Amino acid sequence: MPNQQIIVLGLESSCDETAAAVVTAEKEILSNVVLSQNDAHAPFGGVVPEIAARAHVTEMDRLVDQAMTEAGVSYDDLSAVAATAGPGLIGGVLVGLMTAKAIASVAGVPLIGVNHLEGHALTARLTDDVAFPYLLLLVSGGHSQVLVVEGVGKYRRLGTTIDDAVGEAFDKTAKMLELGFPGGPAVEKTAATGNPDRFNFPRPMKGREGCNFSFSGLKTAVRQAREKMGEKVSETDIADLAASFQKAAVESLMDRVAKALDLFIEEYGGGGTLVVAGGVAANQYLKGALETLAREKSVALKVPPPKLCTDNGAMIAWAGIERLKCGFSDGLDLAARARWPLDPNAEPAPFAGYKA
Amino acid sequence: MKILAFDTALNACSVAVADGNNILAHDHENRRRGHAEALLPMIEAQMKSAAMIYKDLDLIAVTVGPGTFTGLRIGLAAARGIAVAAKKPVIGITTLEALAAAVPVLATKGRAIIATADARRGEVYIQAFNRLQKDEEISPIDAPAAIKTEQALASLDIETAVLVGSGARLLENMPGFDAEAYKILNLPDDPDAVDLVRLAAVRGLPAPYAPPPAPLYLRAPDAKLPGGKDPVAN
């Protein structure tokens, strides 16, 4: 491999995936290894932070070695080591960050602390060469935000959740309906056979000013509907609940994204791109609704492939490459951050914590 | 044998670089938080001071706990990261072993050593050792455990011992503490990387293909199953 090539190892451990990947500045993903902890968290119906951190520390070095071996590069070939430095579950973030610091020190290359959200935000530039600026809808178990991506490190948040993330609403709905964990795919699968119009659940924030999201009230409405049905509940009932929930959640999202697109077009002109990232972007019902919306607003829609939408190391390595090319790197005294908004000027959403 | 050893599992950040028992560089600071920020710069400074690069090392030694969950993972992740990138073996040493190893042979006067650390929530981490005269090794009398402070000494069934670590003063405050039978030594409360080096030098390289050291938590994660049930501890 030529010496001049930029090759970056990226580590991700901010939630319940332990991941490592090797990516080049020429947008080649040389390896992308992801170990999901689903089985460890499934009995609890959600991610347990201490269980996640324990799993990360026993697997991270092995995954790094696997990623390096699959990529066919040696540690001396690396240009930098990137790792998620936040936001997320701090115990896990620290495992990836410390591993990255150690490798950067041994290889004698820069450390790049990546904002996990910037990893998601820049993925469409790795997969689809999307130019700045573009509108980003970030929807995952931990985050629901709509942002203008103006450049590397330059974000303007137009909206965020004021309570739960949309993926969290899917997970909690799955838990209430006993569909298993992770909830997103389970709800989508069950909803496919249900009647989305049987329950008239609220469309939170629909028609309101601004672009903020809220999913807590919808979650409560699903719980109340489920409780009212009592013990005698058929498979059809459950499917109808899931379908009606999914429709309400997606309609609420579409209302907010439409508003954000209007703002974006007003300020930056038409013909731009709407990028979707985060685990919920894998939901095909959501994707269909977004395609319709993008056509209406005459913007291009880019949704990276599912394995680059859910948490992964390639997006962290790529964000590291983008930052490295801008001349950014970090010292080995870099601190992990549980909360780290992409847009530091955005108003905090006090009930959403790190999700905002 | 060239050794890099460090600890971040309790209330210190401690790093030593050595050639066998000969300490070439050493730094130790009391630190309740901020280990993740301090550790790698400290390691780099000590490696430089010892005029060594990672490739020169034969062995890395790190504390695996018991201690703060976050603290022990900071050290372990760093040690395993260095090991994987530099292709060097790494061994784990418990914080209680390191505390016991800090006790001079003469100070024991033939008594057992009880190493104990504050485990919070009314518990101490505790383990008893014998110090062998012939070398720097210590031999455990029982397994390490997290035990209610008021039951800890009784659980060991040891008549007389010297005590080391932050748990000693917690035990001293328990009703019925026998100050004649249990002598609290005036030693630092936290593991020192110098003692890790001494143990690592005695124990030597791990077996080829041995798995990397695992954390020693001694406590299940705080998590309840649906319905408020406790998961089975592992």
# chains A, B, ... in the order shown; residues from 1 in each chain; ligands from 1
$ closest_atom_pairs --of "chain B" --to "chain A" --cutoff "7 Å" --atoms "only C-alpha atoms" --output "Markdown table"
| residue | atom | partner | partner_atom | distance |
| --- | --- | --- | --- | --- |
| B:Ala36 | CA | A:Met98 | CA | 6.9 |
| B:Glu37 | CA | A:Asp333 | CA | 4.1 |
| B:Ala38 | CA | A:Asp333 | CA | 6.0 |
| B:Leu40 | CA | A:Leu332 | CA | 6.1 |
| B:Pro41 | CA | A:Leu332 | CA | 6.1 |
| B:Tyr54 | CA | A:Val106 | CA | 6.3 |
| B:Thr70 | CA | A:Gly91 | CA | 6.1 |
| B:Arg73 | CA | A:Val57 | CA | 6.5 |
| B:Ile74 | CA | A:Met98 | CA | 6.3 |
| B:Ala77 | CA | A:Thr99 | CA | 5.2 |
| B:Ala78 | CA | A:Thr99 | CA | 5.1 |
| B:Arg80 | CA | A:Asp61 | CA | 6.2 |
| B:Gly81 | CA | A:Thr99 | CA | 4.6 |
| B:Ile82 | CA | A:Ala102 | CA | 5.1 |
| B:Val84 | CA | A:Asp61 | CA | 6.5 |
| B:Ala85 | CA | A:Ile103 | CA | 5.6 |
| B:Ala86 | CA | A:Val106 | CA | 6.3 |
| B:Ala214 | CA | A:Thr58 | CA | 6.7 |
| B:Pro221 | CA | A:Glu50 | CA | 5.7 |
| B:Ala223 | CA | A:Val48 | CA | 6.8 |
| B:Leu225 | CA | A:Phe44 | CA | 5.2 |
| B:Pro226 | CA | A:Phe44 | CA | 6.3 |
$ write_last_selection --atoms "N, CA and C atoms" --output "compact mmCIF listing (two decimals), in the first residue's frame"
# COMPACT_ATOMS: atom_id res chain seq x y z
N ALA B 36 -9.00 8.64 32.89
CA ALA B 36 -9.02 8.44 31.44
C ALA B 36 -8.21 9.52 30.72
N GLU B 37 -8.21 10.72 31.29
CA GLU B 37 -7.45 11.81 30.70
C GLU B 37 -5.96 11.69 31.05
N ALA B 38 -5.67 11.27 32.29
CA ALA B 38 -4.29 11.31 32.79
C ALA B 38 -3.43 10.13 32.32
N LEU B 40 -2.76 7.93 29.59
CA LEU B 40 -1.85 7.77 28.44
C LEU B 40 -0.72 8.80 28.44
N PRO B 41 -1.01 10.09 28.75
CA PRO B 41 0.11 11.04 28.85
C PRO B 41 1.14 10.60 29.91
N TYR B 54 7.50 1.16 22.94
CA TYR B 54 6.63 0.00 23.23
C TYR B 54 7.21 -1.31 22.70
N THR B 70 -15.64 1.71 36.37
CA THR B 70 -15.11 2.55 35.30
C THR B 70 -13.59 2.61 35.36
N ARG B 73 -11.89 -0.54 34.08
CA ARG B 73 -12.02 -0.68 32.62
C ARG B 73 -11.09 0.29 31.88
N ILE B 74 -10.84 1.47 32.47
CA ILE B 74 -9.93 2.43 31.85
C ILE B 74 -8.54 1.81 31.72
N ALA B 77 -8.69 -1.43 29.29
CA ALA B 77 -8.84 -1.09 27.87
C ALA B 77 -7.51 -0.55 27.33
N ALA B 78 -6.84 0.28 28.12
CA ALA B 78 -5.55 0.82 27.69
C ALA B 78 -4.52 -0.30 27.55
N ARG B 80 -4.97 -3.56 27.12
CA ARG B 80 -5.29 -4.48 26.02
C ARG B 80 -5.09 -3.78 24.68
N GLY B 81 -5.32 -2.46 24.63
CA GLY B 81 -5.07 -1.70 23.41
C GLY B 81 -3.59 -1.65 23.07
N ILE B 82 -2.75 -1.39 24.07
CA ILE B 82 -1.29 -1.39 23.85
C ILE B 82 -0.85 -2.78 23.41
N VAL B 84 -2.51 -5.18 21.89
CA VAL B 84 -2.92 -5.61 20.55
C VAL B 84 -2.11 -4.88 19.48
N ALA B 85 -1.82 -3.59 19.72
CA ALA B 85 -1.11 -2.81 18.70
C ALA B 85 0.39 -3.10 18.71
N ALA B 86 0.97 -3.32 19.90
CA ALA B 86 2.41 -3.57 20.00
C ALA B 86 2.73 -5.06 19.95
N ALA B 214 -9.16 -10.55 32.19
CA ALA B 214 -10.56 -10.12 32.26
C ALA B 214 -10.76 -9.28 33.51
N PRO B 221 -23.85 -6.46 37.58
CA PRO B 221 -24.31 -5.12 37.22
C PRO B 221 -25.63 -4.81 37.90
N ALA B 223 -29.01 -4.14 37.62
CA ALA B 223 -30.06 -4.20 36.59
C ALA B 223 -31.13 -5.16 37.08
N LEU B 225 -34.55 -7.40 36.07
CA LEU B 225 -35.36 -7.96 34.98
C LEU B 225 -36.78 -7.43 35.11
N PRO B 226 -37.57 -7.47 34.01
CA PRO B 226 -38.97 -7.05 34.11
C PRO B 226 -39.64 -7.78 35.28
$ select_by_dssp --residues "stretch 68-220 of chain A" --states "strand (DSSP E)" --output "number ranges by chain"
A: 80-86, 111-115, 134-139, 144-151, 154-160
$ residues_around --residues "B:Ser166" --least-positions-apart "3" --cutoff "6 Å" --atoms "only C-alpha atoms" --output "PyMOL selection string"
chain B and resi 117-118+189
$ select_by_dssp --residues "stretch 177-314 of chain A" --states "helix (DSSP H, G or I)" --output "number ranges by chain"
A: 183-191, 216-229, 235-268, 279-282, 284-296, 306-309, 313-314
$ residues_around --residues "stretch 281-290 of chain A" --least-positions-apart "2" --cutoff "9 Å" --atoms "only C-alpha atoms" --output "number ranges by chain"
A: 137-140, 184-185, 188, 192, 246-247, 250-251, 253-254, 257, 276-279, 292-295, 301, 303-307, 309-310
$ closest_residue --among "B:Lys224, B:Lys183, B:His35, B:Lys88" --to "B:Leu4" --atoms "only C-alpha atoms"
B:Lys88
$ closest_residue --among "A:Ile7, A:Val93, A:Leu136, A:Ala191" --to "A:Glu28" --atoms "only C-alpha atoms"
A:Ile7
$ closest_residue --among "A:Glu227, A:Glu70, A:Asp164, A:Asp171" --to "A:Leu30" --atoms "only C-alpha atoms"
A:Glu70
$ closest_residue --among "A:Glu347, A:Glu168, A:Asp255, A:Asp128" --to "A:Gly207" --atoms "only C-alpha atoms"
A:Asp255
$ residues_around --residues "stretch 144-160 of chain B" --least-positions-apart "3" --cutoff "10 Å" --atoms "only C-alpha atoms" --output "NGL selection string"
:B and (66 or 94 or 96-97 or 110-128 or 140-141 or 163 or 167-168 or 170-183 or 216-219)
$ atom_distance --atom1 "atom CA of A:Glu178" --atom2 "atom CA of A:Ala239"
11.4 Å
$ residues_around --residues "A:Ala21" --least-positions-apart "5" --cutoff "9 Å" --atoms "only C-alpha atoms" --output "JSON, numbers by chain"
{"A": [8, 9, 10, 11, 12, 29, 30, 31, 32, 33, 34, 63, 64, 67, 68, 71, 312, 313, 314, 315, 316, 317]}
$ residues_around --residues "A:Val222" --least-positions-apart "3" --cutoff "8 Å" --atoms "only C-alpha atoms" --output "list in words"
Thr173, Phe201, Leu218, Lys219, Ala225, Arg226, Leu241 and Phe245 of chain A
